[in-house]
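J.: The structure file run.txt (compact mmCIF, C-alpha atoms) is provided below.
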```txt
# COMPACT_ATOMS: atom_id res chain seq x y z
CA MET S 1 0.00 0.00 0.00
CA ALA S 2 2.67 2.51 1.06
CA ASP S 3 4.65 4.00 -1.81
CA ASN S 4 7.64 5.27 0.16
CA PRO S 5 7.68 8.56 -1.72
CA THR S 6 10.82 10.71 -1.66
CA LEU S 7 11.15 14.47 -1.81
CA ASP S 8 12.05 15.32 -5.39
CA HIS S 9 12.22 19.08 -4.94
CA ILE S 10 10.89 22.20 -3.23
CA GLY S 11 9.60 24.80 -5.71
CA ILE S 12 10.27 28.45 -4.84
CA ALA S 13 8.77 31.37 -6.81
CA VAL S 14 11.31 34.14 -7.41
CA ASP S 15 11.24 37.52 -9.11
CA SER S 16 14.69 36.89 -10.57
CA ILE S 17 16.85 33.75 -10.51
CA ASP S 18 19.99 35.82 -11.03
CA LYS S 19 19.17 37.94 -8.00
CA ARG S 20 18.02 35.11 -5.74
CA LEU S 21 20.78 32.56 -6.35
CA ALA S 22 23.01 34.51 -3.93
CA ILE S 23 21.38 33.28 -0.71
CA TYR S 24 21.55 29.63 -1.80
CA GLU S 25 25.17 29.98 -2.91
CA ALA S 26 25.99 31.64 0.42
CA LEU S 27 24.50 28.56 2.09
CA GLY S 28 26.87 26.33 0.10
CA LEU S 29 24.36 25.07 -2.48
CA GLU S 30 25.16 24.87 -6.16
CA ALA S 31 22.97 25.42 -9.21
CA VAL S 32 23.23 22.22 -11.26
CA ALA S 33 20.80 22.96 -14.11
CA PHE S 34 18.95 25.80 -15.79
CA GLU S 35 15.96 25.25 -18.03
CA ARG S 36 13.33 27.28 -19.85
CA VAL S 37 9.83 25.71 -19.95
CA GLU S 38 8.00 27.71 -22.61
CA GLU S 39 4.58 26.10 -22.12
CA GLN S 40 4.58 27.07 -18.43
CA GLY S 41 6.10 30.51 -18.98
CA VAL S 42 8.99 29.95 -16.59
CA ARG S 43 12.75 29.75 -16.37
CA VAL S 44 13.94 27.36 -13.67
CA ALA S 45 17.19 26.76 -11.82
CA PHE S 46 17.83 23.54 -9.90
CA LEU S 47 20.07 23.54 -6.85
CA SER S 48 21.26 20.24 -5.44
CA ILE S 49 20.65 19.64 -1.71
CA GLY S 50 21.41 16.14 -0.41
CA ASP S 51 19.32 13.70 -2.46
CA SER S 52 16.81 16.44 -3.27
CA HIS S 53 16.66 19.77 -5.10
CA ILE S 54 15.48 23.32 -4.68
CA GLU S 55 13.79 24.59 -7.86
CA LEU S 56 13.74 28.36 -8.37
CA LEU S 57 10.92 29.41 -10.71
CA GLU S 58 11.08 32.79 -12.46
CA PRO S 59 8.22 33.88 -14.74
CA THR S 60 9.04 34.64 -18.37
CA ASP S 61 5.41 35.44 -19.21
CA SER S 62 3.18 37.77 -17.16
CA ASP S 63 0.21 35.41 -17.68
CA SER S 64 1.96 32.32 -16.31
CA PRO S 65 0.81 30.66 -13.07
CA ILE S 66 4.09 31.68 -11.39
CA ALA S 67 3.62 35.34 -12.41
CA ARG S 68 0.09 35.25 -10.97
CA HIS S 69 1.38 33.58 -7.78
CA LEU S 70 4.00 36.35 -7.37
CA GLU S 71 1.30 39.00 -7.81
CA ARG S 72 -1.06 37.41 -5.28
CA ARG S 73 1.36 36.07 -2.66
CA GLY S 74 4.76 37.60 -3.38
CA PRO S 75 7.92 35.53 -3.75
CA GLY S 76 8.48 32.46 -1.59
CA MET S 77 7.77 28.76 -1.27
CA HIS S 78 5.42 27.59 -4.01
CA HIS S 79 5.10 23.79 -3.99
CA ILE S 80 6.65 20.52 -2.89
CA CYS S 81 7.20 17.66 -5.34
CA LEU S 82 7.05 14.05 -4.19
CA ARG S 83 8.57 11.30 -6.30
CA VAL S 84 6.22 8.30 -6.32
CA SER S 85 6.65 4.88 -7.92
CA ASP S 86 3.18 4.65 -9.53
CA ILE S 87 1.63 8.05 -10.12
CA ARG S 88 -1.71 6.72 -11.43
CA ARG S 89 -2.20 4.60 -8.32
CA THR S 90 -1.35 7.56 -6.07
CA MET S 91 -3.72 9.85 -8.03
CA ALA S 92 -6.54 7.30 -7.73
CA ARG S 93 -6.00 6.84 -4.00
CA LEU S 94 -5.99 10.60 -3.35
CA SER S 95 -9.13 11.14 -5.43
CA GLU S 96 -10.91 8.31 -3.60
CA GLN S 97 -10.10 10.02 -0.31
CA GLY S 98 -11.50 13.35 -1.50
CA PHE S 99 -8.29 15.21 -2.35
CA GLU S 100 -8.54 17.34 -5.48
CA VAL S 101 -6.12 16.04 -8.13
CA LEU S 102 -5.93 18.67 -10.89
CA SER S 103 -5.95 16.32 -13.89
CA GLU S 104 -7.47 12.97 -14.76
CA GLU S 105 -4.26 11.75 -16.37
CA PRO S 106 -0.65 12.58 -15.48
CA GLN S 107 1.03 15.14 -17.74
CA ARG S 108 4.47 14.97 -19.33
CA GLY S 109 6.82 17.13 -17.21
CA ALA S 110 10.48 18.09 -17.31
CA HIS S 111 13.23 15.41 -17.18
CA ASP S 112 11.05 12.78 -18.84
CA CYS S 113 8.71 12.58 -15.83
CA LEU S 114 4.98 12.11 -15.49
CA VAL S 115 3.52 14.73 -13.17
CA ALA S 116 0.21 15.73 -11.57
CA PHE S 117 -0.80 18.34 -9.01
CA VAL S 118 -3.01 18.25 -5.92
CA HIS S 119 -4.97 21.46 -5.27
CA PRO S 120 -3.84 23.33 -2.12
CA LYS S 121 -7.47 23.87 -1.08
CA SER S 122 -7.76 20.16 -0.36
CA THR S 123 -4.38 19.76 1.37
CA GLY S 124 -4.27 22.60 3.91
CA GLY S 125 -2.70 25.21 1.64
CA VAL S 126 0.13 23.14 0.16
CA LEU S 127 0.38 22.72 -3.62
CA ILE S 128 1.68 19.15 -4.00
CA GLU S 129 3.25 17.92 -7.23
CA LEU S 130 3.48 14.17 -7.81
CA SER S 131 6.20 12.91 -10.11
CA GLU S 132 7.05 9.51 -11.55
CA LEU S 133 10.11 8.78 -13.65
CA ALA S 134 8.70 7.89 -17.05
CA SER S 135 11.68 5.89 -18.25
CA GLY S 136 10.67 2.30 -18.69
CA SER S 137 7.05 3.21 -19.41
CA ASP S 138 5.81 3.03 -22.95
CA MET B 1 34.28 26.92 2.10
CA ALA B 2 31.19 24.99 1.01
CA ASP B 3 29.27 23.37 3.85
CA ASN B 4 27.33 20.80 1.86
CA PRO B 5 24.13 21.49 3.78
CA THR B 6 21.33 18.94 3.71
CA LEU B 7 17.59 19.48 3.92
CA ASP B 8 16.61 18.75 7.50
CA HIS B 9 12.90 19.46 7.11
CA ILE B 10 10.15 21.50 5.48
CA GLY B 11 7.95 23.30 8.02
CA ILE B 12 4.24 23.52 7.21
CA ALA B 13 1.78 25.63 9.24
CA VAL B 14 -1.51 23.78 9.85
CA ASP B 15 -4.75 24.62 11.60
CA SER B 16 -4.92 21.09 13.01
CA ILE B 17 -2.37 18.27 12.87
CA ASP B 18 -5.10 15.67 13.39
CA LYS B 19 -7.02 17.01 10.39
CA ARG B 20 -4.02 17.52 8.10
CA LEU B 21 -2.19 14.23 8.64
CA ALA B 22 -4.61 12.55 6.22
CA ILE B 23 -3.08 13.91 3.00
CA TYR B 24 0.44 12.87 4.02
CA GLU B 25 -0.73 9.42 5.09
CA ALA B 26 -2.59 9.05 1.78
CA LEU B 27 0.75 9.82 0.07
CA GLY B 28 2.39 6.97 1.98
CA LEU B 29 4.23 9.07 4.60
CA GLU B 30 4.28 8.18 8.25
CA ALA B 31 4.30 10.40 11.36
CA VAL B 32 7.37 9.37 13.33
CA ALA B 33 7.27 11.86 16.24
CA PHE B 34 4.96 14.29 17.99
CA GLU B 35 6.22 17.04 20.26
CA ARG B 36 4.89 20.03 22.15
CA VAL B 37 7.20 23.07 22.27
CA GLU B 38 5.70 25.27 24.99
CA GLU B 39 8.05 28.25 24.54
CA GLN B 40 7.08 28.52 20.85
CA GLY B 41 3.39 27.83 21.43
CA VAL B 42 3.23 24.92 18.99
CA ARG B 43 2.56 21.23 18.72
CA VAL B 44 4.56 19.56 15.96
CA ALA B 45 4.38 16.29 14.05
CA PHE B 46 7.33 14.95 12.08
CA LEU B 47 6.76 12.81 8.99
CA SER B 48 9.69 10.93 7.52
CA ILE B 49 10.36 11.45 3.78
CA GLY B 50 13.58 9.91 2.42
CA ASP B 51 16.46 11.33 4.47
CA SER B 52 14.39 14.40 5.34
CA HIS B 53 11.20 15.30 7.23
CA ILE B 54 8.02 17.26 6.89
CA GLU B 55 7.21 19.15 10.11
CA LEU B 56 3.57 20.08 10.69
CA LEU B 57 3.23 23.02 13.09
CA GLU B 58 -0.07 23.61 14.89
CA PRO B 59 -0.44 26.61 17.22
CA THR B 60 -1.33 25.93 20.85
CA ASP B 61 -1.25 29.62 21.75
CA SER B 62 -3.02 32.36 19.78
CA ASP B 63 -0.03 34.70 20.30
CA SER B 64 2.55 32.30 18.85
CA PRO B 65 4.40 33.10 15.60
CA ILE B 66 2.62 30.17 13.90
CA ALA B 67 -0.81 31.46 14.98
CA ARG B 68 0.07 34.89 13.57
CA HIS B 69 1.33 33.30 10.34
CA LEU B 70 -1.95 31.40 9.95
CA GLU B 71 -3.89 34.64 10.47
CA ARG B 72 -1.85 36.61 7.94
CA ARG B 73 -1.14 34.00 5.26
CA GLY B 74 -3.40 31.04 5.97
CA PRO B 75 -2.12 27.47 6.27
CA GLY B 76 0.71 26.25 4.04
CA MET B 77 4.47 26.08 3.67
CA HIS B 78 6.18 28.05 6.42
CA HIS B 79 9.96 27.48 6.33
CA ILE B 80 12.78 25.24 5.17
CA CYS B 81 15.44 24.01 7.55
CA LEU B 82 18.97 23.32 6.35
CA ARG B 83 21.33 21.19 8.42
CA VAL B 84 24.79 22.77 8.41
CA SER B 85 28.05 21.56 9.95
CA ASP B 86 29.09 24.84 11.58
CA ILE B 87 26.15 27.14 12.26
CA ARG B 88 28.25 30.04 13.59
CA ARG B 89 30.37 30.08 10.44
CA THR B 90 27.27 29.97 8.23
CA MET B 91 25.62 32.78 10.26
CA ALA B 92 28.75 34.93 9.96
CA ARG B 93 29.02 34.36 6.21
CA LEU B 94 25.35 35.22 5.62
CA SER B 95 25.58 38.37 7.75
CA GLU B 96 28.73 39.49 5.90
CA GLN B 97 26.84 39.14 2.63
CA GLY B 98 23.93 41.27 3.88
CA PHE B 99 21.38 38.55 4.73
CA GLU B 100 19.43 39.24 7.90
CA VAL B 101 20.15 36.54 10.49
CA LEU B 102 17.60 36.92 13.28
CA SER B 103 19.91 36.36 16.26
CA GLU B 104 23.56 37.05 17.08
CA GLU B 105 24.00 33.62 18.64
CA PRO B 106 22.35 30.31 17.72
CA GLN B 107 19.50 29.23 20.00
CA ARG B 108 18.89 25.83 21.55
CA GLY B 109 16.22 24.07 19.42
CA ALA B 110 14.44 20.72 19.50
CA HIS B 111 16.40 17.44 19.29
CA ASP B 112 19.51 18.93 20.93
CA CYS B 113 20.17 21.21 17.95
CA LEU B 114 21.49 24.73 17.66
CA VAL B 115 19.25 26.79 15.39
CA ALA B 116 19.04 30.26 13.85
CA PHE B 117 16.69 31.89 11.35
CA VAL B 118 17.26 34.07 8.29
CA HIS B 119 14.58 36.71 7.71
CA PRO B 120 12.46 36.10 4.58
CA LYS B 121 12.77 39.77 3.59
CA SER B 122 16.43 39.21 2.81
CA THR B 123 16.02 35.85 1.03
CA GLY B 124 13.18 36.45 -1.45
CA GLY B 125 10.31 35.48 0.82
CA VAL B 126 11.68 32.23 2.25
CA LEU B 127 12.10 31.83 6.01
CA ILE B 128 15.26 29.74 6.31
CA GLU B 129 16.15 27.88 9.50
CA LEU B 130 19.74 26.78 10.03
CA SER B 131 20.36 23.80 12.27
CA GLU B 132 23.49 22.17 13.64
CA LEU B 133 23.54 18.99 15.69
CA ALA B 134 24.79 20.12 19.10
CA SER B 135 26.04 16.73 20.25
CA GLY B 136 29.78 16.85 20.65
CA SER B 137 29.82 20.56 21.38
CA ASP B 138 30.32 21.71 24.93
```
Do you think you could lay out the structure here as structure tokens?

T.:
Amino acid sequence: MADNPTLDHIGIAVDSIDKRLAIYEALGLEAVAFERVEEQGVRVAFLSIGDSHIELLEPTDSDSPIARHLERRGPGMHHICLRVSDIRRTMARLSEQGFEVLSEEPQRGAHDCLVAFVHPKSTGGVLIELSELASGSD
Amino acid sequence: MADNPTLDHIGIAVDSIDKRLAIYEALGLEAVAFERVEEQGVRVAFLSIGDSHIELLEPTDSDSPIARHLERRGPGMHHICLRVSDIRRTMARLSEQGFEVLSEEPQRGAHDCLVAFVHPKSTGGVLIELSELASGSD
């Protein structure tokens, strides 16, 4: 029953990656990848921390979800992403228990992953991303 | 120079631990410890996730920082805690670089740790806790 999920990353909304890398570098963390995700209107930087990552998300489009989040809430922690072994099974279990999964099917995400989101209204204010490594799937 | 910090935990402010455990249990996570910290006016639950933890913080006192956070921002992600090897060195480096460390000396925290906080105004909206295992120190 238990999936033993791991923490894939913590997503943090920033006004500017260039400006906000300084605090993480001062803490001894290193940016290991930069990526632009056109369809989500963001530029992202990944910093390695132990077996996990911090993902800085900077809007490249004023209509993107991250731009709207910055307008409403200001910069700061945005979501947590849990790596699960079977995303469809996790999505089904959450839906059965009344948590609001934001899509019927997982979507293709970065790094060849399948991803889905759980609405913060059903989780106590935490936007939760689920992620499954797609390699090996057809 | 680099400290190779690890992610000790993610702190999440909740209205009620009993009510909010359900989503984490549905995700396959398990509460491994409960604690009451009188001087901070909170009850906390720790859930194990990989080598890290999720810490749920419920106010037990309407004047506590967590109660005020819930009033201002609602429930949700509250802070990230990085485990460092030498907290005084990290505090000094951050201060030198203009980040606002909230105390001159580290404080005694839970689990025999030394802790300090970095103000979110200087980090792009993220409250960052630093933690060093105190065992072995005098």

J.: Distance cut-off 6 Å, counting only C-alpha atoms - which residues of chain B neighbour chain S? Return them as a list of chain:residue names.

T.: B:Ala2, B:Asp3, B:Asn4, B:Thr6, B:Gly28, B:Ile49, B:Gly50, B:Pro75, B:Gly76, B:Gly124, B:Gly125, B:Val126

J.: Box in all listed atoms of segment 96-110 of chain S, axis-aligned, with 4 Å more on each side; write out centre and edge lengths in Å to one decimal as JSON.

T.:
```
{"center_x": -0.5, "center_y": 13.5, "center_z": -9.8, "size_x": 30.0, "size_y": 18.4, "size_z": 27.0}
```

J.: When you look at Ile17 of chain S with a cut-off of 9 Å (counting only C-alpha atoms), what residues show up, excluding the ones that are within fewer than 6 positions of it in the same chain? I need them as a list of chain:residue names.

T.: S:Arg43, S:Val44, S:Ala45, S:Leu56, S:Leu57, S:Glu58

J.: What separation in Å, quoted to one decimal, exists between atom CA of Ser64 of chain S and atom CA of Gln40 of chain S?

T.: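 These atoms are spaced 6.2 Å apart.
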
J.: Between atom CA of Arg83 of chain S and atom CA of Asp18 of chain B, what is the distance in Å, rounded to a tenth?

T.: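 Taking atom CA of Arg83 of chain S as the start and atom CA of Asp18 of chain B as the end point, the length is 24.4 Å.
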
J.: Given the choices S:Arg72, S:Phe117, S:Gly41, S:Phe46, which gets closest to Thr60 of chain S if the distance is worked out from all atoms listed in the file?

T.: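 For Thr60 of chain S, the nearest of the given residues is S:Gly41.
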